[in-house]
Amino acid sequence: MTTFANPLDLSNKVMLITGGAQGIGEATARLCAERGARVVIGDFNPRGEEVAHSITEAGGSAAFVQTDVRDDAQVAAMVDKVRTLHGRLDILVCAAGVLKGPYMQPEELPIEEFVMTIDVNIKGVFLCARHAAPLLEQSGNGVMIVVASGAGVIGPSSSLAYGASKGGANGLGMTLANHLKGRNIRVNTLAPGNIVTDMKMSVEIAGAQREGRSVNDAIAKAQQEYGVPEGVARVIAFMVSPEADYLRGVVFTR
C-alpha cells in the first residue's frame, strides 16, 4: 500500500495570525503550531507574548509581535518581522476583531466606537493584505483567510458597527480573492456563528443587563449552546492546508 503524506500537515509552513492572543486566533495558533506551522502572532493585546511562549514551551514554533492592525506602519513592521524571522510567508489569517456598542440604537452608539470597529475589522484586513501580499506571492502557493462572521453576512448583529464591519470584511475578502488569484494567492472568508469567546460573552452580558435578565443564566446558556474556538480552529487549519487547495468562497461554521 502506498503511504501518502498527511495533507493536513503544516510542517514548516510560515503562518501569520492577527488576533492570535485570544479567542479563535489563539486556538488557531495553538492547533496549527501543533501541526508543524511556524506561527507568528500579531495582536495589540500583550497576552500574545504568553501564548507564543506557551506554544514554544510545548515544542512548537511561535513568536509575538505587538501590533495595532489599524496602523499602517505597525502592520508593515509586523510583516517585516516575519520576513526577518523566516524569510517568507505562506499563510495569513486575519482574525483580529472588535465588537463595540451591542444593542445600542444609532443615536446611542458613539461615533468613535463605530469608527474604531470599522478600522480594526476592515481597514486592518486591508493593511495586512497590502503588506503581506508580496510575501505570500513569493511562496508560490499563498493562502489568506479573512475571518468575518455570520453577522453582517447572513443575518444581523447585536452591534450596528460590528454588523457593518463584518459585512465589509466579507466583501473585501471576496474582492481580494479575485484580485490575488493571478498571483497564486488563495483567499477564503470564514464566517463563524456564535462562539464562546470573551468578546461574545461580553455581548451576552450586555444583553442580559439591558433586559434585566440574570447574567449568570445568560452565560450558562451561551456556554451550553454555542460553539468553541477550538472547533473553528480545526476548520481554519483545514482551510490553510494543502488539502483545501480547491476551496473557494465563504466557509460557514456553527
# chains A, B, ... in the order shown; residues from 1 in each chain; ligands from 1

call {"tool": "closest_atom_pairs", "arguments": {"of": "range 166-219 of chain A", "to": "range 108-123 of chain A", "cutoff": "7 Å", "atoms": "only C-alpha atoms", "output": "tab-separated table"}}
result
residue	atom	partner	partner_atom	distance
A:Lys166	CA	A:Asn121	CA	6.8
A:Gly168	CA	A:Ile122	CA	6.4
A:Ala169	CA	A:Ile122	CA	5.3

call {"tool": "write_last_selection", "arguments": {"atoms": "N, CA and C atoms", "output": "CSV table (one decimal), in the first residue's frame"}}
result
chain,number,residue,atom,x,y,z
A,166,LYS,N,-18.3,43.5,9.6
A,166,LYS,CA,-18.2,42.1,9.1
A,166,LYS,C,-18.8,41.9,7.7
A,168,GLY,N,-18.5,44.2,5.5
A,168,GLY,CA,-17.5,44.8,4.8
A,168,GLY,C,-16.3,43.9,4.6
A,169,ALA,N,-16.0,43.2,5.7
A,169,ALA,CA,-14.9,42.2,5.7
A,169,ALA,C,-15.2,41.1,4.7

call {"tool": "residues_around", "arguments": {"residues": "Cys94 in chain A", "least_positions_apart": "3", "cutoff": "9 Å", "atoms": "only C-alpha atoms", "output": "mmCIF file with C-alpha atoms, in the first residue's frame"}}
result
data_model
loop_
_atom_site.group_PDB
_atom_site.id
_atom_site.type_symbol
_atom_site.label_atom_id
_atom_site.label_comp_id
_atom_site.auth_asym_id
_atom_site.auth_seq_id
_atom_site.Cartn_x
_atom_site.Cartn_y
_atom_site.Cartn_z
ATOM 1 C CA LEU A 16 0.945 34.952 10.493
ATOM 2 C CA ILE A 17 -2.176 35.208 12.652
ATOM 3 C CA THR A 18 -3.567 38.565 13.708
ATOM 4 C CA GLY A 19 -5.769 38.499 16.776
ATOM 5 C CA GLY A 25 -6.974 33.405 16.789
ATOM 6 C CA GLY A 97 -11.582 41.904 15.537
ATOM 7 C CA GLY A 124 -6.941 46.057 9.490
ATOM 8 C CA VAL A 125 -7.618 43.308 6.958
ATOM 9 C CA CYS A 128 -2.458 43.135 6.334
ATOM 10 C CA ALA A 129 -3.240 42.184 2.745
ATOM 11 C CA MET A 144 -5.120 34.207 3.140
ATOM 12 C CA ILE A 145 -8.096 33.682 5.440
ATOM 13 C CA VAL A 146 -10.348 36.623 6.310
ATOM 14 C CA VAL A 147 -12.340 35.949 9.472
ATOM 15 C CA ALA A 148 -15.704 37.652 9.037
#

call {"tool": "residues_around", "arguments": {"residues": "His53 in chain A", "least_positions_apart": "5", "cutoff": "9 Å", "atoms": "only C-alpha atoms", "output": "PyMOL selection string"}}
result
chain A and resi 48+58+62-64

call {"tool": "residues_around", "arguments": {"residues": "Ala222 in chain A", "least_positions_apart": "3", "cutoff": "12 Å", "atoms": "only C-alpha atoms", "output": "PyMOL selection string"}}
result
chain A and resi 194-198+200-205+207-208+215-219+225-228

call {"tool": "select_by_dssp", "arguments": {"residues": "range 6-167 of chain A", "states": "helix (DSSP H, G or I)", "output": "count of residues only"}}
result
75

call {"tool": "closest_residue", "arguments": {"among": "A:Cys32, A:Ala73, A:Ile154, A:Leu10", "to": "Ala233 in chain A", "atoms": "only C-alpha atoms"}}
result
A:Cys32

call {"tool": "residues_around", "arguments": {"residues": "Ala244 in chain A", "least_positions_apart": "3", "cutoff": "12 Å", "atoms": "only C-alpha atoms", "output": "PyMOL selection string"}}
result
chain A and resi 7-9+141+143+145+186-188+235-241+247-249+251

call {"tool": "select_by_dssp", "arguments": {"residues": "range 4-252 of chain A", "states": "strand (DSSP E or B)", "output": "PyMOL selection string"}}
result
chain A and resi 14-18+38-43+61-66+91-94+142-147+151+155+185-191+195+227+250-252

call {"tool": "write_last_selection", "arguments": {"atoms": "C-alpha atoms", "output": "PDB file, in the first residue's frame"}}
result
ATOM      1  CA  VAL A  14       5.127  30.084   7.996  1.00  0.00           C
ATOM      2  CA  MET A  15       1.858  31.443   9.332  1.00  0.00           C
ATOM      3  CA  LEU A  16       0.945  34.952  10.493  1.00  0.00           C
ATOM      4  CA  ILE A  17      -2.176  35.208  12.652  1.00  0.00           C
ATOM      5  CA  THR A  18      -3.567  38.565  13.708  1.00  0.00           C
ATOM      6  CA  ARG A  38       5.897  28.237  12.376  1.00  0.00           C
ATOM      7  CA  VAL A  39       3.473  30.742  13.854  1.00  0.00           C
ATOM      8  CA  VAL A  40       3.832  34.481  14.281  1.00  0.00           C
ATOM      9  CA  ILE A  41       1.117  36.124  16.383  1.00  0.00           C
ATOM     10  CA  GLY A  42       0.269  39.754  15.729  1.00  0.00           C
ATOM     11  CA  ASP A  43      -2.007  41.356  18.314  1.00  0.00           C
ATOM     12  CA  SER A  61       7.473  27.427  16.945  1.00  0.00           C
ATOM     13  CA  ALA A  62       5.897  30.788  17.793  1.00  0.00           C
ATOM     14  CA  ALA A  63       6.770  34.453  18.078  1.00  0.00           C
ATOM     15  CA  PHE A  64       4.767  37.514  19.084  1.00  0.00           C
ATOM     16  CA  VAL A  65       4.748  40.983  17.527  1.00  0.00           C
ATOM     17  CA  GLN A  66       2.602  43.533  19.344  1.00  0.00           C
ATOM     18  CA  ILE A  91      -0.321  31.722   5.300  1.00  0.00           C
ATOM     19  CA  LEU A  92      -2.054  34.844   6.627  1.00  0.00           C
ATOM     20  CA  VAL A  93      -5.059  34.570   8.944  1.00  0.00           C
ATOM     21  CA  CYS A  94      -6.785  37.871   9.686  1.00  0.00           C
ATOM     22  CA  GLY A 142      -0.037  31.553  -0.561  1.00  0.00           C
ATOM     23  CA  VAL A 143      -3.211  31.366   1.480  1.00  0.00           C
ATOM     24  CA  MET A 144      -5.120  34.207   3.140  1.00  0.00           C
ATOM     25  CA  ILE A 145      -8.096  33.682   5.440  1.00  0.00           C
ATOM     26  CA  VAL A 146     -10.348  36.623   6.310  1.00  0.00           C
ATOM     27  CA  VAL A 147     -12.340  35.949   9.472  1.00  0.00           C
ATOM     28  CA  ALA A 151     -23.374  38.623  11.402  1.00  0.00           C
ATOM     29  CA  GLY A 155     -28.014  37.861   9.428  1.00  0.00           C
ATOM     30  CA  ILE A 185      -2.726  33.501  -3.541  1.00  0.00           C
ATOM     31  CA  ARG A 186      -5.930  31.759  -2.488  1.00  0.00           C
ATOM     32  CA  VAL A 187      -8.242  33.910  -0.367  1.00  0.00           C
ATOM     33  CA  ASN A 188     -11.172  32.476   1.559  1.00  0.00           C
ATOM     34  CA  THR A 189     -13.537  34.120   4.005  1.00  0.00           C
ATOM     35  CA  LEU A 190     -14.591  32.336   7.186  1.00  0.00           C
ATOM     36  CA  ALA A 191     -17.916  33.206   8.822  1.00  0.00           C
ATOM     37  CA  ILE A 195     -18.675  31.058  19.553  1.00  0.00           C
ATOM     38  CA  GLY A 227     -19.522  26.580  19.666  1.00  0.00           C
ATOM     39  CA  VAL A 250     -17.059  31.697   2.092  1.00  0.00           C
ATOM     40  CA  VAL A 251     -16.994  28.911   4.674  1.00  0.00           C
ATOM     41  CA  PHE A 252     -19.571  28.971   7.473  1.00  0.00           C
TER      42      PHE A 252
END

call {"tool": "residues_around", "arguments": {"residues": "Ala76 in chain A", "least_positions_apart": "2", "cutoff": "9 Å", "atoms": "only C-alpha atoms", "output": "PDB file with N, CA and C atoms, in the first residue's frame"}}
result
ATOM      1  N   ASP A  71      -2.890  50.545  12.241  1.00  0.00           N
ATOM      2  CA  ASP A  71      -1.749  51.418  11.965  1.00  0.00           C
ATOM      3  C   ASP A  71      -0.880  50.833  10.853  1.00  0.00           C
ATOM      4  N   ASP A  72      -0.773  51.552   9.755  1.00  0.00           N
ATOM      5  CA  ASP A  72      -0.048  51.064   8.588  1.00  0.00           C
ATOM      6  C   ASP A  72       1.405  50.744   8.905  1.00  0.00           C
ATOM      7  N   ALA A  73       2.061  51.624   9.652  1.00  0.00           N
ATOM      8  CA  ALA A  73       3.475  51.414   9.965  1.00  0.00           C
ATOM      9  C   ALA A  73       3.669  50.188  10.850  1.00  0.00           C
ATOM     10  N   GLN A  74       2.762  49.966  11.791  1.00  0.00           N
ATOM     11  CA  GLN A  74       2.882  48.806  12.672  1.00  0.00           C
ATOM     12  C   GLN A  74       2.631  47.503  11.910  1.00  0.00           C
ATOM     13  N   MET A  78       5.235  44.463  11.397  1.00  0.00           N
ATOM     14  CA  MET A  78       4.883  43.080  11.719  1.00  0.00           C
ATOM     15  C   MET A  78       5.270  42.137  10.582  1.00  0.00           C
ATOM     16  N   VAL A  79       4.932  42.525   9.368  1.00  0.00           N
ATOM     17  CA  VAL A  79       5.275  41.681   8.216  1.00  0.00           C
ATOM     18  C   VAL A  79       6.785  41.632   8.023  1.00  0.00           C
ATOM     19  N   ASP A  80       7.470  42.746   8.259  1.00  0.00           N
ATOM     20  CA  ASP A  80       8.931  42.753   8.169  1.00  0.00           C
ATOM     21  C   ASP A  80       9.549  41.800   9.196  1.00  0.00           C
ATOM     22  N   LYS A  81       8.929  41.715  10.379  1.00  0.00           N
ATOM     23  CA  LYS A  81       9.421  40.800  11.413  1.00  0.00           C
ATOM     24  C   LYS A  81       9.288  39.350  10.944  1.00  0.00           C
ATOM     25  N   LEU A 127      -4.884  46.445   5.426  1.00  0.00           N
ATOM     26  CA  LEU A 127      -3.466  46.734   5.662  1.00  0.00           C
ATOM     27  C   LEU A 127      -2.632  45.454   5.705  1.00  0.00           C
ATOM     28  N   CYS A 128      -3.182  44.408   6.305  1.00  0.00           N
ATOM     29  CA  CYS A 128      -2.458  43.135   6.334  1.00  0.00           C
ATOM     30  C   CYS A 128      -2.282  42.585   4.920  1.00  0.00           C
ATOM     31  N   ARG A 130      -2.276  44.317   2.186  1.00  0.00           N
ATOM     32  CA  ARG A 130      -1.397  45.264   1.482  1.00  0.00           C
ATOM     33  C   ARG A 130       0.079  44.914   1.689  1.00  0.00           C
ATOM     34  N   HIS A 131       0.441  44.616   2.922  1.00  0.00           N
ATOM     35  CA  HIS A 131       1.851  44.372   3.224  1.00  0.00           C
ATOM     36  C   HIS A 131       2.254  42.911   3.078  1.00  0.00           C
ATOM     37  N   ALA A 132       1.298  42.004   3.250  1.00  0.00           N
ATOM     38  CA  ALA A 132       1.644  40.580   3.198  1.00  0.00           C
ATOM     39  C   ALA A 132       1.574  39.988   1.798  1.00  0.00           C
TER      40      ALA A 132
END

call {"tool": "atom_distance", "arguments": {"atom1": "CA of Arg30 in chain A", "atom2": "CA of Ile55 in chain A"}}
result
6.4 Å

call {"tool": "atom_distance", "arguments": {"atom1": "CA of Val98 in chain A", "atom2": "CA of Lys13 in chain A"}}
result
27.6 Å

call {"tool": "decode", "arguments": {"residues": "range 13-45 of chain A", "atoms": "C-alpha atoms", "output": "PDB file, in the first residue's frame"}}
result
ATOM      1  CA  LYS A  13       4.605  26.498   6.839  1.00  0.00           C
ATOM      2  CA  VAL A  14       5.127  30.084   7.996  1.00  0.00           C
ATOM      3  CA  MET A  15       1.858  31.443   9.332  1.00  0.00           C
ATOM      4  CA  LEU A  16       0.945  34.952  10.493  1.00  0.00           C
ATOM      5  CA  ILE A  17      -2.176  35.208  12.652  1.00  0.00           C
ATOM      6  CA  THR A  18      -3.567  38.565  13.708  1.00  0.00           C
ATOM      7  CA  GLY A  19      -5.769  38.499  16.776  1.00  0.00           C
ATOM      8  CA  GLY A  20      -3.813  35.466  17.957  1.00  0.00           C
ATOM      9  CA  ALA A  21      -3.681  36.472  21.620  1.00  0.00           C
ATOM     10  CA  GLN A  22      -7.145  35.133  22.441  1.00  0.00           C
ATOM     11  CA  GLY A  23     -10.323  33.541  21.122  1.00  0.00           C
ATOM     12  CA  ILE A  24     -10.386  31.980  17.675  1.00  0.00           C
ATOM     13  CA  GLY A  25      -6.974  33.405  16.789  1.00  0.00           C
ATOM     14  CA  GLU A  26      -5.314  31.871  19.847  1.00  0.00           C
ATOM     15  CA  ALA A  27      -6.940  28.479  19.298  1.00  0.00           C
ATOM     16  CA  THR A  28      -5.798  28.567  15.666  1.00  0.00           C
ATOM     17  CA  ALA A  29      -2.237  29.482  16.610  1.00  0.00           C
ATOM     18  CA  ARG A  30      -2.024  26.608  19.084  1.00  0.00           C
ATOM     19  CA  LEU A  31      -3.508  23.984  16.756  1.00  0.00           C
ATOM     20  CA  CYS A  32      -1.517  24.977  13.686  1.00  0.00           C
ATOM     21  CA  ALA A  33       1.695  25.044  15.711  1.00  0.00           C
ATOM     22  CA  GLU A  34       0.873  21.501  16.879  1.00  0.00           C
ATOM     23  CA  ARG A  35       0.599  20.550  13.212  1.00  0.00           C
ATOM     24  CA  GLY A  36       4.029  21.935  12.475  1.00  0.00           C
ATOM     25  CA  ALA A  37       3.444  25.537  11.398  1.00  0.00           C
ATOM     26  CA  ARG A  38       5.897  28.237  12.376  1.00  0.00           C
ATOM     27  CA  VAL A  39       3.473  30.742  13.854  1.00  0.00           C
ATOM     28  CA  VAL A  40       3.832  34.481  14.281  1.00  0.00           C
ATOM     29  CA  ILE A  41       1.117  36.124  16.383  1.00  0.00           C
ATOM     30  CA  GLY A  42       0.269  39.754  15.729  1.00  0.00           C
ATOM     31  CA  ASP A  43      -2.007  41.356  18.314  1.00  0.00           C
ATOM     32  CA  PHE A  44      -2.462  44.601  20.230  1.00  0.00           C
ATOM     33  CA  ASN A  45      -3.046  42.519  23.373  1.00  0.00           C
TER      34      ASN A  45
END
